[in-house]
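One file, coords_27.txt, is given below (compact mmCIF, C-alpha atoms).
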```
# COMPACT_ATOMS: atom_id res chain seq x y z
CA MET A 1 108.49 43.68 97.22
CA GLY A 2 109.87 45.62 100.18
CA TRP A 3 110.90 49.25 100.37
CA GLN A 4 113.91 51.51 100.71
CA ASN A 5 116.28 48.50 100.73
CA GLU A 6 115.23 47.72 104.31
CA PRO A 7 114.08 44.19 105.24
CA VAL A 8 110.45 43.84 106.24
CA PHE A 9 111.35 41.36 108.98
CA SER A 10 114.43 40.40 110.97
CA ILE A 11 114.82 37.70 113.63
CA ASP A 12 116.46 38.39 117.00
CA HIS A 13 116.09 35.27 119.19
CA ARG A 14 114.48 31.84 119.07
CA ILE A 15 112.63 29.58 121.49
CA GLU A 16 114.64 26.47 122.28
CA ASP A 17 113.29 23.37 120.50
CA ALA A 18 110.40 25.27 118.85
CA PRO A 19 109.78 27.43 115.75
CA GLY A 20 108.92 30.49 117.86
CA ARG A 21 111.09 33.59 117.65
CA SER A 22 111.35 37.26 118.49
CA GLY A 23 112.12 39.87 115.87
CA VAL A 24 111.25 43.19 114.28
CA ILE A 25 108.82 44.13 111.50
CA THR A 26 109.83 47.36 109.80
CA THR A 27 107.13 49.61 108.33
CA PRO A 28 107.13 53.17 106.95
CA HIS A 29 105.53 54.36 110.22
CA GLY A 30 107.81 52.59 112.64
CA ARG A 31 109.01 49.23 113.84
CA ILE A 32 107.00 46.50 115.55
CA ARG A 33 108.92 44.32 117.97
CA THR A 34 107.55 40.80 117.79
CA PRO A 35 105.81 38.81 119.12
CA ALA A 36 103.24 41.60 119.42
CA PHE A 37 99.53 41.91 120.12
CA ILE A 38 97.86 44.34 117.70
CA PRO A 39 94.67 45.86 119.21
CA VAL A 40 91.69 46.11 116.88
CA GLY A 41 90.23 49.50 116.03
CA THR A 42 87.54 48.16 113.70
CA ARG A 43 86.16 51.48 112.44
CA ALA A 44 89.40 53.45 112.89
CA THR A 45 88.91 53.52 116.66
CA VAL A 46 89.40 51.15 119.55
CA LYS A 47 85.94 51.55 121.01
CA SER A 48 85.77 54.12 123.84
CA VAL A 49 89.56 54.72 124.00
CA LEU A 50 91.64 57.57 122.55
CA PRO A 51 94.43 56.64 120.12
CA GLU A 52 96.79 58.58 122.38
CA THR A 53 95.78 56.31 125.26
CA MET A 54 96.45 53.22 123.14
CA ALA A 55 99.99 54.52 122.58
CA GLU A 56 100.42 55.19 126.30
CA LEU A 57 99.38 51.64 127.22
CA GLY A 58 102.04 50.25 124.88
CA ALA A 59 100.24 49.33 121.65
CA GLN A 60 102.78 49.24 118.84
CA ALA A 61 100.25 49.14 115.99
CA LEU A 62 96.49 49.11 115.42
CA LEU A 63 94.35 47.09 113.02
CA ALA A 64 91.24 48.44 111.29
CA ASN A 65 88.72 46.68 109.08
CA ALA A 66 88.43 47.29 105.35
CA TYR A 67 84.79 46.14 105.17
CA HIS A 68 83.56 48.56 107.82
CA LEU A 69 85.58 51.54 106.57
CA TYR A 70 84.48 50.84 103.00
CA LEU A 71 80.85 51.09 104.11
CA GLN A 72 81.40 54.03 106.45
CA PRO A 73 82.83 56.64 105.86
CA GLY A 74 84.22 55.29 102.56
CA ALA A 75 87.80 54.41 101.65
CA ASP A 76 88.03 57.47 99.39
CA ILE A 77 87.42 59.77 102.37
CA VAL A 78 90.15 58.05 104.41
CA ASP A 79 92.48 58.38 101.41
CA GLU A 80 91.67 62.08 101.08
CA ALA A 81 92.38 62.53 104.81
CA GLY A 82 95.91 61.23 104.27
CA GLY A 83 95.40 57.57 105.09
CA LEU A 84 94.21 55.57 108.08
CA GLY A 85 96.87 56.73 110.55
CA ARG A 86 96.38 60.41 109.87
CA PHE A 87 92.59 60.04 109.75
CA MET A 88 92.50 58.56 113.28
CA ASN A 89 95.48 60.50 114.66
CA TRP A 90 97.60 57.39 115.12
CA PRO A 91 101.26 57.99 114.16
CA GLY A 92 102.43 54.38 114.39
CA PRO A 93 102.10 51.32 112.13
CA THR A 94 98.66 50.22 110.96
CA PHE A 95 97.11 47.02 109.60
CA THR A 96 93.89 46.49 107.64
CA ASP A 97 92.34 43.11 107.01
CA SER A 98 90.93 42.40 103.56
CA GLY A 99 87.25 42.47 104.47
CA GLY A 100 86.93 38.79 103.58
CA PHE A 101 85.97 37.68 107.07
CA GLN A 102 83.32 40.37 107.52
CA VAL A 103 81.89 39.97 104.02
CA MET A 104 81.23 36.33 104.83
CA SER A 105 80.45 36.37 108.56
CA LEU A 106 78.39 39.58 108.64
CA GLY A 107 77.13 39.19 105.09
CA VAL A 108 75.84 35.74 105.87
CA GLY A 109 74.64 37.01 109.21
CA PHE A 110 75.50 34.01 111.36
CA LYS A 111 79.08 34.66 112.51
CA LYS A 112 81.13 31.48 111.92
CA THR A 113 78.27 29.00 112.05
CA LEU A 114 76.81 29.01 108.55
CA SER A 115 78.33 26.94 105.75
CA MET A 116 78.57 28.50 102.31
CA ASP A 117 78.44 25.06 100.68
CA SER A 118 75.54 25.22 98.22
CA THR A 119 74.80 21.52 98.76
CA ARG A 120 73.97 22.26 102.41
CA VAL A 121 71.72 25.28 101.94
CA GLU A 122 68.54 23.50 103.02
CA ARG A 123 70.13 22.25 106.23
CA ASP A 124 71.79 25.60 106.90
CA ASP A 125 68.54 27.47 106.36
CA VAL A 126 67.01 25.32 109.08
CA ILE A 127 69.91 26.19 111.38
CA ALA A 128 69.48 29.83 110.41
CA LYS A 129 65.76 29.71 111.26
CA GLY A 130 64.68 31.22 107.98
CA LYS A 131 67.09 34.16 107.90
CA GLU A 132 68.12 35.33 104.44
CA ARG A 133 71.55 34.43 103.15
CA LEU A 134 73.23 37.79 102.50
CA ALA A 135 76.53 36.77 100.86
CA HIS A 136 77.11 34.74 97.70
CA VAL A 137 80.49 33.50 96.48
CA ASP A 138 81.45 32.93 92.85
CA GLU A 139 84.81 32.42 91.16
CA ASP A 140 85.34 36.15 90.70
CA GLY A 141 84.42 37.42 94.17
CA VAL A 142 81.64 37.85 96.73
CA THR A 143 78.34 39.71 96.39
CA PHE A 144 76.84 40.75 99.70
CA LYS A 145 74.34 43.00 101.38
CA SER A 146 75.45 45.63 103.88
CA HIS A 147 74.61 44.72 107.46
CA LEU A 148 73.89 48.44 107.96
CA ASP A 149 71.18 49.14 105.42
CA GLY A 150 70.80 46.10 103.18
CA SER A 151 72.40 47.80 100.17
CA ARG A 152 74.09 45.50 97.67
CA HIS A 153 77.88 45.45 97.24
CA ARG A 154 80.59 43.35 95.65
CA PHE A 155 84.16 42.55 96.72
CA THR A 156 86.70 41.02 94.36
CA PRO A 157 90.45 40.71 94.92
CA GLU A 158 90.97 43.86 92.89
CA ILE A 159 88.33 45.83 94.81
CA SER A 160 89.77 44.72 98.16
CA MET A 161 93.25 45.82 97.06
CA ARG A 162 91.95 49.18 95.87
CA ILE A 163 90.10 49.78 99.14
CA GLN A 164 93.13 48.85 101.23
CA HIS A 165 95.45 51.02 99.16
CA GLN A 166 93.07 53.93 99.71
CA LEU A 167 93.00 53.19 103.45
CA GLY A 168 96.79 53.33 103.36
CA ALA A 169 97.71 50.86 106.13
CA ASP A 170 101.31 49.70 106.40
CA ILE A 171 100.31 46.01 106.33
CA ILE A 172 97.38 44.76 104.26
CA PHE A 173 95.97 41.30 103.54
CA ALA A 174 95.02 39.46 100.37
CA PHE A 175 91.31 38.82 99.82
CA ASP A 176 90.41 35.26 100.81
CA GLU A 177 87.32 33.13 101.24
CA LEU A 178 86.36 32.42 104.82
CA THR A 179 85.23 28.86 105.41
CA THR A 180 83.97 27.27 108.60
CA LEU A 181 84.39 23.93 110.32
CA MET A 182 80.88 23.09 109.06
CA ASN A 183 81.96 23.10 105.42
CA THR A 184 82.45 19.78 103.68
CA ARG A 185 85.91 18.60 102.69
CA GLY A 186 84.95 19.08 99.04
CA TYR A 187 83.95 22.66 99.58
CA GLN A 188 87.15 23.36 101.54
CA GLU A 189 89.13 22.21 98.50
CA GLU A 190 87.11 24.42 96.15
CA ALA A 191 87.47 27.44 98.45
CA LEU A 192 91.20 26.88 98.80
CA ALA A 193 91.67 26.86 95.03
CA ARG A 194 89.60 30.02 94.83
CA THR A 195 91.64 31.71 97.59
CA GLN A 196 94.88 30.85 95.76
CA ALA A 197 93.55 32.28 92.51
CA TRP A 198 92.42 35.40 94.36
CA ALA A 199 95.86 35.67 95.99
CA GLU A 200 97.51 35.74 92.57
CA ARG A 201 95.11 38.47 91.47
CA CYS A 202 95.76 40.43 94.68
CA VAL A 203 99.51 40.33 94.05
CA ALA A 204 99.07 41.59 90.49
CA GLU A 205 96.70 44.38 91.53
CA HIS A 206 98.85 45.32 94.53
CA GLU A 207 101.89 45.69 92.28
CA ARG A 208 99.88 47.77 89.80
CA LEU A 209 98.50 50.08 92.49
CA THR A 210 101.92 50.40 94.13
CA ARG A 211 103.31 51.71 90.84
CA GLU A 212 100.27 53.93 90.28
CA ARG A 213 100.51 55.41 93.80
CA ALA A 214 104.30 55.66 93.91
CA ASP A 215 104.06 58.85 95.97
CA LYS A 216 102.49 56.90 98.86
CA PRO A 217 104.40 54.85 101.47
CA TYR A 218 104.84 51.22 100.51
CA GLN A 219 102.25 48.80 101.90
CA ALA A 220 103.36 45.27 102.78
CA LEU A 221 101.00 42.61 101.43
CA PHE A 222 100.34 39.42 103.43
CA GLY A 223 98.77 36.29 101.93
CA VAL A 224 96.24 34.37 104.05
CA VAL A 225 96.58 30.61 104.63
CA GLN A 226 93.26 28.78 104.81
CA GLY A 227 92.50 25.04 104.88
CA ALA A 228 90.45 24.64 108.09
CA GLN A 229 91.37 21.56 110.14
CA TYR A 230 92.95 19.55 107.29
CA GLU A 231 96.73 19.14 107.44
CA ASP A 232 97.20 18.47 103.73
CA LEU A 233 95.10 21.51 102.78
CA ARG A 234 96.87 23.82 105.24
CA ARG A 235 100.28 22.69 104.03
CA LYS A 236 99.30 23.00 100.37
CA ALA A 237 97.87 26.47 100.92
CA ALA A 238 101.06 27.59 102.68
CA ARG A 239 103.31 26.14 99.96
CA ASP A 240 101.27 27.72 97.18
CA LEU A 241 101.22 31.15 98.84
CA ALA A 242 104.94 30.90 99.62
CA GLY A 243 105.51 30.76 95.87
CA LEU A 244 104.09 34.27 95.47
CA PRO A 245 105.98 37.48 96.33
CA PHE A 246 104.16 38.24 99.58
CA ASP A 247 105.84 40.29 102.31
CA GLY A 248 104.35 38.10 105.03
CA PHE A 249 101.52 35.71 105.75
CA GLY A 250 98.33 35.52 107.77
CA ILE A 251 97.04 32.30 109.29
CA GLY A 252 93.26 32.50 109.08
CA GLY A 253 90.04 30.58 108.96
CA ALA A 254 88.14 28.62 111.57
CA ILE A 255 90.56 26.89 113.95
CA GLU A 256 89.50 24.66 116.84
CA LYS A 257 91.20 25.91 119.98
CA GLU A 258 92.71 22.56 120.84
CA ASN A 259 94.34 22.35 117.39
CA LEU A 260 95.68 25.90 117.21
CA GLY A 261 99.32 25.08 117.89
CA THR A 262 99.29 22.05 115.60
CA ILE A 263 97.81 24.02 112.70
CA CYS A 264 100.31 26.83 113.19
CA ARG A 265 103.13 24.28 113.09
CA TRP A 266 101.84 22.75 109.84
CA VAL A 267 101.68 26.16 108.21
CA VAL A 268 104.99 27.45 109.55
CA ASP A 269 106.76 24.31 108.30
CA GLU A 270 105.88 25.37 104.76
CA LEU A 271 106.44 29.15 104.97
CA PRO A 272 109.71 31.02 104.47
CA GLU A 273 111.60 31.67 107.69
CA ASP A 274 112.44 35.27 106.88
CA LYS A 275 108.87 36.60 106.57
CA PRO A 276 106.46 37.51 109.41
CA ARG A 277 103.36 35.49 110.24
CA HIS A 278 100.17 37.01 111.63
CA LEU A 279 97.64 34.82 113.44
CA LEU A 280 94.25 36.37 112.74
CA GLY A 281 91.61 36.82 115.43
CA ILE A 282 93.44 35.22 118.39
CA GLY A 283 93.28 36.84 121.83
CA GLU A 284 93.40 34.53 124.88
CA PRO A 285 96.52 33.99 127.02
CA ASP A 286 96.94 30.27 126.29
CA ASP A 287 96.38 30.93 122.57
CA PHE A 288 99.22 33.45 122.54
CA PHE A 289 101.65 30.89 123.95
CA GLU A 290 100.46 28.21 121.53
CA GLY A 291 100.74 30.53 118.55
CA ILE A 292 104.08 32.07 119.50
CA GLU A 293 105.72 28.76 120.38
CA ASN A 294 104.66 27.40 116.99
CA GLY A 295 105.92 30.32 114.96
CA ALA A 296 103.35 33.15 114.91
CA ASP A 297 104.74 36.68 115.24
CA THR A 298 101.72 38.98 115.59
CA PHE A 299 98.08 38.66 116.68
CA ASP A 300 94.90 40.69 116.59
CA CYS A 301 91.59 40.23 118.37
CA VAL A 302 88.55 42.27 119.41
CA THR A 303 88.03 40.20 122.58
CA PRO A 304 89.81 42.52 125.08
CA SER A 305 87.67 45.51 124.16
CA ARG A 306 84.48 43.54 123.54
CA VAL A 307 84.41 41.77 126.91
CA ALA A 308 85.46 44.98 128.69
CA ARG A 309 82.17 46.57 127.65
CA SER A 310 80.29 43.80 129.45
CA SER A 311 82.26 44.14 132.72
CA ARG A 312 84.71 41.27 132.20
CA VAL A 313 88.38 41.98 132.87
CA TYR A 314 91.61 40.02 132.74
CA THR A 315 93.89 39.56 135.74
CA ARG A 316 96.97 37.46 136.46
CA ARG A 317 94.65 34.92 138.08
CA GLY A 318 92.07 34.68 135.33
CA ARG A 319 89.06 36.61 134.10
CA TYR A 320 86.84 38.47 136.56
CA ASN A 321 83.32 39.89 136.23
CA LEU A 322 83.05 43.31 137.86
CA ASN A 323 79.27 43.06 138.02
CA VAL A 324 79.33 40.47 140.79
CA ALA A 325 78.15 41.52 144.26
CA ALA A 326 81.63 40.99 145.73
CA SER A 327 82.89 44.02 143.77
CA ARG A 328 80.43 46.43 145.35
CA ARG A 329 82.64 47.13 148.38
CA ASP A 330 85.98 46.04 146.96
CA PHE A 331 88.25 49.08 147.05
CA SER A 332 91.23 47.36 145.46
CA PRO A 333 92.26 47.72 141.78
CA ILE A 334 91.36 45.12 139.18
CA ASP A 335 94.88 43.69 139.54
CA ASP A 336 97.32 45.12 142.06
CA ALA A 337 100.26 44.10 139.86
CA CYS A 338 98.92 45.89 136.78
CA ASP A 339 100.55 49.17 135.72
CA CYS A 340 97.65 50.48 133.61
CA TYR A 341 95.97 53.86 134.16
CA THR A 342 92.78 52.22 135.41
CA CYS A 343 94.47 50.12 138.08
CA ALA A 344 96.54 53.10 139.23
CA HIS A 345 93.49 55.32 139.81
CA TYR A 346 90.27 53.31 140.21
CA THR A 347 88.81 50.49 142.31
CA LYS A 348 86.57 47.54 141.56
CA ALA A 349 83.87 49.21 143.63
CA TYR A 350 83.90 52.29 141.43
CA LEU A 351 83.92 50.25 138.22
CA HIS A 352 81.08 48.11 139.58
CA HIS A 353 79.13 51.32 140.21
CA LEU A 354 79.77 52.55 136.64
CA PHE A 355 78.43 49.34 135.14
CA LYS A 356 75.38 49.27 137.40
CA THR A 357 74.53 52.84 136.39
CA ASN A 358 75.31 52.29 132.69
CA GLU A 359 77.97 54.99 132.61
CA MET A 360 80.04 55.13 129.42
CA LEU A 361 83.21 55.58 131.44
CA SER A 362 82.95 51.91 132.45
CA ALA A 363 83.84 50.81 128.92
CA THR A 364 86.74 53.24 128.67
CA LEU A 365 88.41 52.25 131.92
CA CYS A 366 87.96 48.51 131.47
CA THR A 367 89.09 48.58 127.85
CA ILE A 368 92.26 50.41 128.88
CA HIS A 369 92.95 47.68 131.43
CA ASN A 370 92.20 44.74 129.13
CA GLU A 371 94.20 46.10 126.22
CA ARG A 372 97.15 46.82 128.50
CA PHE A 373 96.90 43.30 129.92
CA MET A 374 97.12 41.72 126.44
CA VAL A 375 99.80 44.05 125.10
CA LYS A 376 101.97 43.55 128.18
CA LEU A 377 101.47 39.79 128.25
CA VAL A 378 102.80 39.42 124.72
CA ASP A 379 105.56 41.93 125.45
CA ASP A 380 106.56 39.79 128.44
CA ILE A 381 106.52 36.66 126.28
CA ARG A 382 108.87 38.44 123.87
CA ALA A 383 111.18 39.40 126.74
CA SER A 384 111.22 35.79 127.94
CA ILE A 385 112.27 34.62 124.47
CA ASP A 386 115.03 37.22 124.41
CA ASP A 387 116.41 36.27 127.82
CA GLY A 388 115.98 32.50 127.43
CA THR A 389 113.31 32.00 130.10
CA TYR A 390 110.33 31.32 127.81
CA HIS A 391 109.37 27.84 129.06
CA ALA A 392 109.55 28.85 132.74
CA PHE A 393 107.57 32.04 132.06
CA LYS A 394 104.90 30.07 130.19
CA ALA A 395 104.47 27.56 133.01
CA ASP A 396 104.24 30.28 135.64
CA THR A 397 101.86 32.52 133.69
CA LEU A 398 99.42 29.84 132.57
CA GLY A 399 99.53 28.07 135.92
CA ARG A 400 98.48 31.26 137.66
CA PHE A 401 95.88 32.34 135.06
CA TYR A 402 94.14 28.97 134.64
CA GLY A 403 95.00 27.49 138.05
CA PRO A 404 92.59 26.78 140.92
```

Translate the structure of the given file into structure tokens.
Amino acid sequence: MGWQNEPVFSIDHRIEDAPGRSGVITTPHGRIRTPAFIPVGTRATVKSVLPETMAELGAQALLANAYHLYLQPGADIVDEAGGLGRFMNWPGPTFTDSGGFQVMSLGVGFKKTLSMDSTRVERDDVIAKGKERLAHVDEDGVTFKSHLDGSRHRFTPEISMRIQHQLGADIIFAFDELTTLMNTRGYQEEALARTQAWAERCVAEHERLTRERADKPYQALFGVVQGAQYEDLRRKAARDLAGLPFDGFGIGGAIEKENLGTICRWVVDELPEDKPRHLLGIGEPDDFFEGIENGADTFDCVTPSRVARSSRVYTRRGRYNLNVAASRRDFSPIDDACDCYTCAHYTKAYLHHLFKTNEMLSATLCTIHNERFMVKLVDDIRASIDDGTYHAFKADTLGRFYGP
């Protein structure tokens, strides 16, 4: 794979005594300096914020969701518009995930809490309080009902590849089966074998579609490493995927926070050094350090924008809720060291007022701040790797953020 004789990934510097590194991912729409936080624009938009504003706050790339865009407006419409970037007026690199997470989490209807193990249906139905199971896995793919209108749909590896090729993102992901920490060991093994078989089918279909759509920019395909909390399964999954011609790899699935770094290390030990690794759905400061130190290169998460809409913002000294009474007469910015548009122009008192009066501007201003906080934090981690001060920067940053 690859394109125009240019490497997909190059390494610049490394963290002393750790697998972490800085580098560059090259795409047809620009380069991504890594480590990098990739903001999530689920439906081809970061909620409440202009794409131009995302560029101004330093986002290098955006990630959209294949499941949501397949349902609305339809991948064929995005294709006809010229691809995801042109459709949303974003000139830089783009990612799409495979839809696997949403098919399972939204299709099932219980986020990450419901096992898909058929031997546990009775117990899970009790947990689910009688709600209908909306997604069903078989060896060929997943049949699910839309969370929008209940209509019936089916995703297979080939369908996911076709949708993502129509969406036209620079980096796309192989279709995988999401499992949870509730699944039995036996089911994890079955799902892992299924995900490997689907990965092989994704590679074949990706190569076919790349030839068929030779007039389109090349899309880098990442395999997704599953295996939950089991070291042998994570390592096996990574080794098996490393044997396929992927351009990079995603580290996915349910991961307990306290094991994040360990699981990343298991996976990275088995993956090729010269290909990028994306840690899916991670977005807290300590998680960034754990992931980066143990070899992850890029991250995506909806948390910065999601919590912003409920008045929670990030600062150097931890998270802060703007709805508290103390904000009512606080005429200082969210963080006086922050260089974002919101902190340069608005006060906590004004933002508190916007939330209390349910003004839409509250979401816009707080999302700008939170996204800038995350983008800059990972940019600063990258700079600390490049200048050899990573360990000191980590201690200072986490001590201040999580300190008393």

Residue among A:Met88, A:Ile77, A:Ala325, A:Ile38 lying closest to Pro51 in chain A, counting all atoms listed in the file: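 Using all atoms listed in the file, the shortest distance to Pro51 in chain A belongs to A:Met88.
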
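Shortest atom-to-atom contact with Leu178 in chain A among A:Gly141, A:Gly318, A:Gly20, A:Gly403: A:Gly141, counting only C-alpha atoms.
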
Å distance separating CA of Trp198 in chain A from CA of Asp176 in chain A, one decimal place: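 Between these atoms lies a distance of 6.8 Å.
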
For Gly261 in chain A: contacts at 7 Å, all atoms listed in the file, fewer than 5 positions along chain excluded, given as an NGL selection string: :A and (290-291 or 294)

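For the pair CA of Trp90 in chain A and CA of His29 in chain A, the separation is 9.8 Å.
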
Distance query range 373-375 of chain A at most 7 Å, all atoms listed in the file, self and fewer than 4 positions along chain excluded, as a PyMOL selection string: chain A and resi 37+58-59+314+369+379

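Nearest residue to Glu200 in chain A, choosing from A:Gly74, A:Gly223, A:Gly82, A:Pro272 and counting only C-alpha atoms: A:Gly223.
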
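The gap separating CA of Ser362 in chain A from CA of Leu71 in chain A is 28.4 Å, in Å to one decimal.
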
12 Å contact set for Ile15 in chain A, all atoms listed in the file, chain neighbours under 2 positions out, as number ranges by chain: A: 11-13, 17-23, 35, 289, 292-296, 381-394

Glu231 in chain A surroundings by all atoms listed in the file, 7 Å radius, close-in-sequence under 3 positions cut, as a PyMOL selection string: chain A and resi 234-235+266

Could you produce a table of the residues of range 230-307 of chain A lying within 10 Å of range 212-220 of chain A, with the nearest pair of atoms per residue and their separation in Å rounded to one decimal, using all atoms listed in the file, ordered by chain and increasing residue number, as a tab-separated table?
```
residue	atom	partner	partner_atom	distance
A:Phe246	CA	A:Ala220	CA	7.8
A:Asp247	CA	A:Ala220	CA	5.6
A:Gly248	CA	A:Ala220	CA	7.6
```

Would you save the residues from that selection as an mmCIF file, in the coordinates of the input, using C-alpha atoms?
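Output saved as again_14.cif:
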```cif
data_model
loop_
_atom_site.group_PDB
_atom_site.id
_atom_site.type_symbol
_atom_site.label_atom_id
_atom_site.label_comp_id
_atom_site.auth_asym_id
_atom_site.auth_seq_id
_atom_site.Cartn_x
_atom_site.Cartn_y
_atom_site.Cartn_z
ATOM 1 C CA PHE A 246 104.160 38.240 99.580
ATOM 2 C CA ASP A 247 105.840 40.290 102.310
ATOM 3 C CA GLY A 248 104.350 38.100 105.030
#
```

Residue neighbourhood Val49 in chain A, 9 Å, all atoms listed in the file, exclusion window fewer than 4 positions, as a ChimeraX atom specification: /A:45,53-54,363-365,367-368

Pick from A:Asp170, A:Asp240, A:Asp300, A:Asp149, whichever lies nearest to Gly30 in chain A using all atoms listed in the file: A:Asp170

Axis-aligned box for range 258-274 of chain A, 8 Å per side, centre and edges in Å as JSON:
```
{"center_x": 102.6, "center_y": 28.7, "center_z": 112.7, "size_x": 35.7, "size_y": 29.2, "size_z": 32.4}
```

Nearest to Asn183 in chain A, chosen from A:Tyr230, A:Leu322, A:Lys257, A:Ser98, with all atoms listed in the file counted in the distances: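 Of A:Tyr230, A:Leu322, A:Lys257, A:Ser98, the one nearest Asn183 in chain A, counting all atoms listed in the file, is A:Tyr230.
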
A:Val142, A:Cys264, A:Leu233, A:Ala197 ranked by distance to Val103 in chain A, top pick (using all atoms listed in the file):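 Going through A:Val142, A:Cys264, A:Leu233, A:Ala197 one by one, the smallest distance to Val103 in chain A is for A:Val142.
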
Point (95.3, 38.0, 137.6) neighbourhood (9 Å, only C-alpha atoms) written as a VMD selection string: chain A and resid 314 to 320 334 to 338 400 to 401

Mind rebuilding range 351-364 of chain A with N, CA and C atoms and writing that out as an mmCIF file, in the coordinates of the input?
```
data_model
loop_
_atom_site.group_PDB
_atom_site.id
_atom_site.type_symbol
_atom_site.label_atom_id
_atom_site.label_comp_id
_atom_site.auth_asym_id
_atom_site.auth_seq_id
_atom_site.Cartn_x
_atom_site.Cartn_y
_atom_site.Cartn_z
ATOM 1 N N LEU A 351 84.247 50.818 139.532
ATOM 2 C CA LEU A 351 83.920 50.250 138.220
ATOM 3 C C LEU A 351 82.586 49.497 138.286
ATOM 4 N N HIS A 352 82.362 48.781 139.378
ATOM 5 C CA HIS A 352 81.080 48.110 139.580
ATOM 6 C C HIS A 352 79.934 49.133 139.541
ATOM 7 N N HIS A 353 80.122 50.250 140.208
ATOM 8 C CA HIS A 353 79.130 51.320 140.210
ATOM 9 C C HIS A 353 78.871 51.843 138.795
ATOM 10 N N LEU A 354 79.932 52.034 138.010
ATOM 11 C CA LEU A 354 79.770 52.550 136.640
ATOM 12 C C LEU A 354 78.943 51.596 135.785
ATOM 13 N N PHE A 355 79.209 50.301 135.922
ATOM 14 C CA PHE A 355 78.430 49.340 135.140
ATOM 15 C C PHE A 355 76.977 49.290 135.593
ATOM 16 N N LYS A 356 76.743 49.337 136.896
ATOM 17 C CA LYS A 356 75.380 49.270 137.400
ATOM 18 C C LYS A 356 74.559 50.492 136.997
ATOM 19 N N THR A 357 75.233 51.618 136.776
ATOM 20 C CA THR A 357 74.530 52.840 136.390
ATOM 21 C C THR A 357 74.651 53.139 134.901
ATOM 22 N N ASN A 358 75.213 52.169 134.151
ATOM 23 C CA ASN A 358 75.310 52.290 132.690
ATOM 24 C C ASN A 358 76.095 53.521 132.244
ATOM 25 N N GLU A 359 77.126 53.862 132.981
ATOM 26 C CA GLU A 359 77.970 54.990 132.610
ATOM 27 C C GLU A 359 78.970 54.582 131.523
ATOM 28 N N MET A 360 79.138 55.441 130.526
ATOM 29 C CA MET A 360 80.040 55.130 129.420
ATOM 30 C C MET A 360 81.492 54.979 129.866
ATOM 31 N N LEU A 361 81.848 55.655 130.947
ATOM 32 C CA LEU A 361 83.210 55.580 131.440
ATOM 33 C C LEU A 361 83.612 54.146 131.799
ATOM 34 N N SER A 362 82.651 53.301 132.112
ATOM 35 C CA SER A 362 82.950 51.910 132.450
ATOM 36 C C SER A 362 83.690 51.223 131.308
ATOM 37 N N ALA A 363 83.216 51.431 130.089
ATOM 38 C CA ALA A 363 83.840 50.810 128.920
ATOM 39 C C ALA A 363 85.250 51.336 128.705
ATOM 40 N N THR A 364 85.425 52.644 128.874
ATOM 41 C CA THR A 364 86.740 53.240 128.670
ATOM 42 C C THR A 364 87.764 52.667 129.644
#
```
